[in-house]
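Inspection log for the structure reproduced underneath, given as structure tokens.
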Amino acid sequence: MPDTTEKTDLCSLTVPELEAYFASLGEPKYRAKQFFSAIARGERFSGITTFPLSLRARLEETAQYLVPEIAEKQVSALDGTTKYLMRMADGEEVESVLMLYEHGASLCVSSQVGCRMGCRFCASTIGGRIRDLLPSEIYGQVIAAGRDAGRRIDGIVMMGIGEPLDNLANVLRFLTLVSAPEGLNIGLRHISLSTCGLADRIEELKRADLPITLSISLHASTDERRSAVMPVNDRYPLDTLLSACRDYFAATGRRISFEYTLLRGENDSEEDARRLARLLRRYFPGSTPVHINLIRLNPVRERDYRSPDDAAAKAFCEALCRMGMNATLRRRLGPDINAACGQLRRSRIKETGSPHTTERTVTDYANIRND
């Protein structure tokens, strides 16, 4: 992890905190907004031309610039989707994906280096979690991608490498940074946070009272099947998870989206669709706004799971709609590049080797709630 014991991680500080920092240097408070705006534009300390040279030199000596650099990128020839491999200051790498829509550009960001949740069909969990990303490192992915693309990032999807709620304190600070009007000013209503289902952390998120969209990675309609592909379900079974979701909606009024990755022969039958509809109606009856986002699996070389064909995927979606559910089949983006989250990072690790070992896995998650 970057050494923050001697140098200040300025890019993780809010504007009020920056005001206090610059005041400690004998500088006027307005330096804080100048700094925050310059960093949001992708300027390094030496490039902040509104600062005198003496102040820039002092920042280089006493502060850390932890905005990642782009180590590699792949651009889809089909739809312009861009996958970035972002390199942190300590050499660790994560992925971000820029997706283009009619309504604007959205960036999928990572929240951890690796992941300890152990979902069986996901490349991000192979090798476990190395470390959490700092707020500046999550925020920096947005800065770096926007600068490279030469355009405004309109929305954020926290669905990259890592489990956002497993790094909740840093994620909450990131949300403050990325939505600040002095910087990128991305509205919280244009930010979606995806979780595999850490029910106690959903309670903490509820107390934060942020107008973001909560997305739950569900992927099965029974505890037995969900535990088979998502070990976290052993710690937070469906009743615990969906009760937390129901409480979240009651407190915030924000629609919850349920992500359901279709796995051929595992969860894609018409009976699976019926069970899924019954399950969600039990916790969200009547006109409660619930959305089911169906995802066709992007195959991972190290995993055995496969996606159903397009006809079967559409049939599953139509079955849910006939049962009165609001369901859509997500459009595939960037099918000609390493589409599955974590695959570009995995290929780089295989090429270069990795000195890191798994820190923890989900199997001991119940015993580490205070870390």
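We name chains A, B, ... following the order of the structure tokens; residues begin at 1 in each chain, and ligands are numbered from 1 as shown.
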
*Show which residues sit within 8 Å of Ser215 of chain A, as number ranges by chain. Count only C-alpha atoms, and ignore same-chain residues fewer than 5 positions away.*
A: 192-195, 256-259

I need the chosen residues saved as a CSV table (one decimal), in the first residue's frame, with C-alpha atoms.
chain,number,residue,atom,x,y,z
A,192,SER,CA,-24.6,3.1,-8.9
A,193,LEU,CA,-23.0,1.0,-6.2
A,194,SER,CA,-23.0,-2.8,-6.7
A,195,THR,CA,-22.6,-5.2,-3.8
A,256,ILE,CA,-33.0,-1.1,-5.8
A,257,SER,CA,-31.7,-2.9,-8.9
A,258,PHE,CA,-31.0,-6.7,-8.7
A,259,GLU,CA,-28.3,-8.0,-10.9

_With DSSP run on the backbone, what are the strand (DSSP E) residues within segment 12-80 of chain A? I'd like them as a list in words._
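Answer for segment 12-80 of chain A restricted to strand (DSSP E) is Ala63, Gln64, Glu69, Ile70, Ala71, Glu72, Lys73, Gln74 and Val75 of chain A.
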
*Quick one: pick out all alpha helix (DSSP H) residues within segment 103-178 of chain A from a backbone DSSP run and write them as a ChimeraX atom specification.*
/A:135-149,168-178

Next, write the just-selected residues to a file, as an mmCIF file, in the first residue's frame, keeping N, CA and C atoms as the atom set.
data_model
loop_
_atom_site.group_PDB
_atom_site.id
_atom_site.type_symbol
_atom_site.label_atom_id
_atom_site.label_comp_id
_atom_site.auth_asym_id
_atom_site.auth_seq_id
_atom_site.Cartn_x
_atom_site.Cartn_y
_atom_site.Cartn_z
ATOM 1 N N PRO A 135 -9.335 6.548 -1.210
ATOM 2 C CA PRO A 135 -10.292 7.407 -1.922
ATOM 3 C C PRO A 135 -9.684 8.066 -3.151
ATOM 4 N N SER A 136 -8.441 8.531 -3.036
ATOM 5 C CA SER A 136 -7.778 9.184 -4.166
ATOM 6 C C SER A 136 -7.563 8.225 -5.322
ATOM 7 N N GLU A 137 -7.372 6.941 -5.035
ATOM 8 C CA GLU A 137 -7.129 5.965 -6.083
ATOM 9 C C GLU A 137 -8.412 5.587 -6.813
ATOM 10 N N ILE A 138 -9.534 5.631 -6.110
ATOM 11 C CA ILE A 138 -10.828 5.399 -6.774
ATOM 12 C C ILE A 138 -11.203 6.642 -7.579
ATOM 13 N N TYR A 139 -11.115 7.796 -6.935
ATOM 14 C CA TYR A 139 -11.394 9.076 -7.588
ATOM 15 C C TYR A 139 -10.469 9.275 -8.786
ATOM 16 N N GLY A 140 -9.221 8.879 -8.625
ATOM 17 C CA GLY A 140 -8.236 9.058 -9.679
ATOM 18 C C GLY A 140 -8.544 8.285 -10.943
ATOM 19 N N GLN A 141 -9.266 7.170 -10.830
ATOM 20 C CA GLN A 141 -9.666 6.433 -12.026
ATOM 21 C C GLN A 141 -10.585 7.293 -12.891
ATOM 22 N N VAL A 142 -11.464 8.045 -12.246
ATOM 23 C CA VAL A 142 -12.389 8.918 -12.977
ATOM 24 C C VAL A 142 -11.615 10.064 -13.624
ATOM 25 N N ILE A 143 -10.678 10.618 -12.872
ATOM 26 C CA ILE A 143 -9.860 11.718 -13.396
ATOM 27 C C ILE A 143 -9.052 11.255 -14.597
ATOM 28 N N ALA A 144 -8.373 10.107 -14.456
ATOM 29 C CA ALA A 144 -7.493 9.620 -15.522
ATOM 30 C C ALA A 144 -8.281 9.251 -16.768
ATOM 31 N N ALA A 145 -9.418 8.577 -16.605
ATOM 32 C CA ALA A 145 -10.222 8.170 -17.765
ATOM 33 C C ALA A 145 -10.807 9.377 -18.481
ATOM 34 N N GLY A 146 -11.313 10.356 -17.717
ATOM 35 C CA GLY A 146 -11.882 11.546 -18.335
ATOM 36 C C GLY A 146 -10.846 12.341 -19.103
ATOM 37 N N ARG A 147 -9.649 12.435 -18.537
ATOM 38 C CA ARG A 147 -8.578 13.166 -19.224
ATOM 39 C C ARG A 147 -8.170 12.441 -20.500
ATOM 40 N N ASP A 148 -8.051 11.103 -20.427
ATOM 41 C CA ASP A 148 -7.658 10.343 -21.606
ATOM 42 C C ASP A 148 -8.720 10.425 -22.696
ATOM 43 N N ALA A 149 -9.995 10.325 -22.305
ATOM 44 C CA ALA A 149 -11.085 10.336 -23.285
ATOM 45 C C ALA A 149 -11.372 11.737 -23.809
ATOM 46 N N LEU A 168 -15.909 0.339 2.731
ATOM 47 C CA LEU A 168 -16.983 1.330 2.766
ATOM 48 C C LEU A 168 -16.494 2.727 3.140
ATOM 49 N N ALA A 169 -15.620 2.858 4.125
ATOM 50 C CA ALA A 169 -15.188 4.192 4.553
ATOM 51 C C ALA A 169 -14.512 4.934 3.405
ATOM 52 N N ASN A 170 -13.636 4.255 2.674
ATOM 53 C CA ASN A 170 -12.963 4.900 1.544
ATOM 54 C C ASN A 170 -13.923 5.183 0.401
ATOM 55 N N VAL A 171 -14.901 4.296 0.194
ATOM 56 C CA VAL A 171 -15.896 4.500 -0.861
ATOM 57 C C VAL A 171 -16.769 5.714 -0.545
ATOM 58 N N LEU A 172 -17.180 5.864 0.707
ATOM 59 C CA LEU A 172 -18.000 7.020 1.072
ATOM 60 C C LEU A 172 -17.236 8.328 0.858
ATOM 61 N N ARG A 173 -15.961 8.325 1.182
ATOM 62 C CA ARG A 173 -15.158 9.526 0.947
ATOM 63 C C ARG A 173 -15.007 9.783 -0.558
ATOM 64 N N PHE A 174 -14.817 8.716 -1.328
ATOM 65 C CA PHE A 174 -14.767 8.879 -2.785
ATOM 66 C C PHE A 174 -16.034 9.533 -3.305
ATOM 67 N N LEU A 175 -17.190 9.107 -2.808
ATOM 68 C CA LEU A 175 -18.451 9.681 -3.268
ATOM 69 C C LEU A 175 -18.527 11.172 -2.954
ATOM 70 N N THR A 176 -17.978 11.567 -1.816
ATOM 71 C CA THR A 176 -17.920 12.995 -1.480
ATOM 72 C C THR A 176 -17.021 13.744 -2.457
ATOM 73 N N LEU A 177 -15.881 13.153 -2.783
ATOM 74 C CA LEU A 177 -14.929 13.808 -3.674
ATOM 75 C C LEU A 177 -15.488 13.947 -5.094
ATOM 76 N N VAL A 178 -16.036 12.861 -5.627
ATOM 77 C CA VAL A 178 -16.431 12.863 -7.036
ATOM 78 C C VAL A 178 -17.673 13.705 -7.290
#

_I want to know what sits within 10 Å of Ile48 of chain A, based on only C-alpha atoms, with residues of the same chain fewer than 5 positions away left out; could you give that as a list in words?_
Gln34, Phe35, Ser37, Ala38, Ile39, Gly42, Glu43, Leu53, Leu55 and Arg56 of chain A

*Find the residues near segment 237-252 of chain A: any atom within 8 Å, counting only C-alpha atoms, skip ones fewer than 2 places away on the same chain, and give them as a PyMOL selection string.*
chain A and resi 197-200+202-203+206+209+211+222-223+232-235+254-256+283-284

Save the residues we just selected, N, CA and C atoms, as a CSV table (one decimal), in the first residue's frame?
chain,number,residue,atom,x,y,z
A,197,GLY,N,-23.7,-8.4,-1.4
A,197,GLY,CA,-24.7,-8.6,-0.4
A,197,GLY,C,-24.2,-8.6,1.0
A,198,LEU,N,-23.4,-7.6,1.4
A,198,LEU,CA,-22.9,-7.5,2.8
A,198,LEU,C,-24.0,-6.8,3.6
A,199,ALA,N,-24.9,-7.5,4.2
A,199,ALA,CA,-26.2,-7.0,4.7
A,199,ALA,C,-25.9,-5.9,5.8
A,200,ASP,N,-24.9,-6.1,6.7
A,200,ASP,CA,-24.6,-5.2,7.7
A,200,ASP,C,-24.1,-3.9,7.2
A,202,ILE,N,-24.9,-2.7,4.2
A,202,ILE,CA,-26.1,-2.0,3.6
A,202,ILE,C,-26.8,-1.2,4.6
A,203,GLU,N,-26.8,-1.7,5.9
A,203,GLU,CA,-27.4,-0.9,7.0
A,203,GLU,C,-26.6,0.4,7.2
A,206,LYS,N,-27.3,2.8,4.4
A,206,LYS,CA,-28.6,3.4,4.6
A,206,LYS,C,-28.5,4.6,5.5
A,209,ASP,N,-27.4,7.9,4.0
A,209,ASP,CA,-28.5,8.6,3.3
A,209,ASP,C,-28.1,9.4,2.1
A,211,PRO,N,-28.3,9.7,-2.2
A,211,PRO,CA,-29.2,9.3,-3.2
A,211,PRO,C,-28.6,8.6,-4.4
A,222,THR,N,-32.5,-19.2,-4.7
A,222,THR,CA,-32.6,-20.1,-3.5
A,222,THR,C,-31.2,-20.0,-2.8
A,223,ASP,N,-31.2,-20.2,-1.5
A,223,ASP,CA,-30.0,-20.2,-0.7
A,223,ASP,C,-29.0,-21.2,-1.2
A,232,VAL,N,-20.5,-15.7,0.0
A,232,VAL,CA,-20.9,-14.7,0.9
A,232,VAL,C,-22.3,-15.1,1.4
A,233,ASN,N,-23.1,-15.8,0.6
A,233,ASN,CA,-24.5,-16.2,1.0
A,233,ASN,C,-24.5,-17.0,2.2
A,234,ASP,N,-23.4,-17.7,2.6
A,234,ASP,CA,-23.4,-18.5,3.8
A,234,ASP,C,-23.4,-17.6,5.0
A,235,ARG,N,-22.8,-16.4,4.9
A,235,ARG,CA,-22.8,-15.4,6.0
A,235,ARG,C,-24.0,-14.6,6.0
A,254,ARG,N,-35.2,5.0,-2.5
A,254,ARG,CA,-34.5,4.8,-3.7
A,254,ARG,C,-34.7,3.4,-4.3
A,255,ARG,N,-35.0,3.3,-5.6
A,255,ARG,CA,-35.2,2.0,-6.2
A,255,ARG,C,-34.0,1.1,-6.1
A,256,ILE,N,-34.2,-0.2,-5.9
A,256,ILE,CA,-33.0,-1.1,-5.8
A,256,ILE,C,-33.0,-1.9,-7.1
A,283,TYR,N,-40.6,-9.8,-0.6
A,283,TYR,CA,-40.0,-8.7,0.1
A,283,TYR,C,-40.3,-7.3,-0.4
A,284,PHE,N,-40.8,-7.3,-1.7
A,284,PHE,CA,-41.1,-6.0,-2.3
A,284,PHE,C,-42.5,-6.2,-3.0

*Gap from atom CA of Thr81 of chain A to atom CA of Arg41 of chain A - Å, one decimal*: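 Between these atoms lies a distance of 21.7 Å.
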
*From the set A:Met158, A:Val290, A:Leu100, A:Cys196, which residue has the shortest atom-to-atom contact distance to Arg226 of chain A, counting only C-alpha atoms?*
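Smallest separation from Arg226 of chain A among the options: A:Cys196.
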
_For Tyr21 of chain A, the nearest of the candidates A:Thr8, A:Ser110, A:Ser287, A:Ser227, counting only C-alpha atoms_ =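 Among the listed residues, A:Thr8 lies closest to Tyr21 of chain A.
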
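Counting only C-alpha atoms, the residue from A:Glu266, A:Glu61, A:Gly162, A:Asp310 that sits nearest to Thr125 of chain A is A:Gly162.
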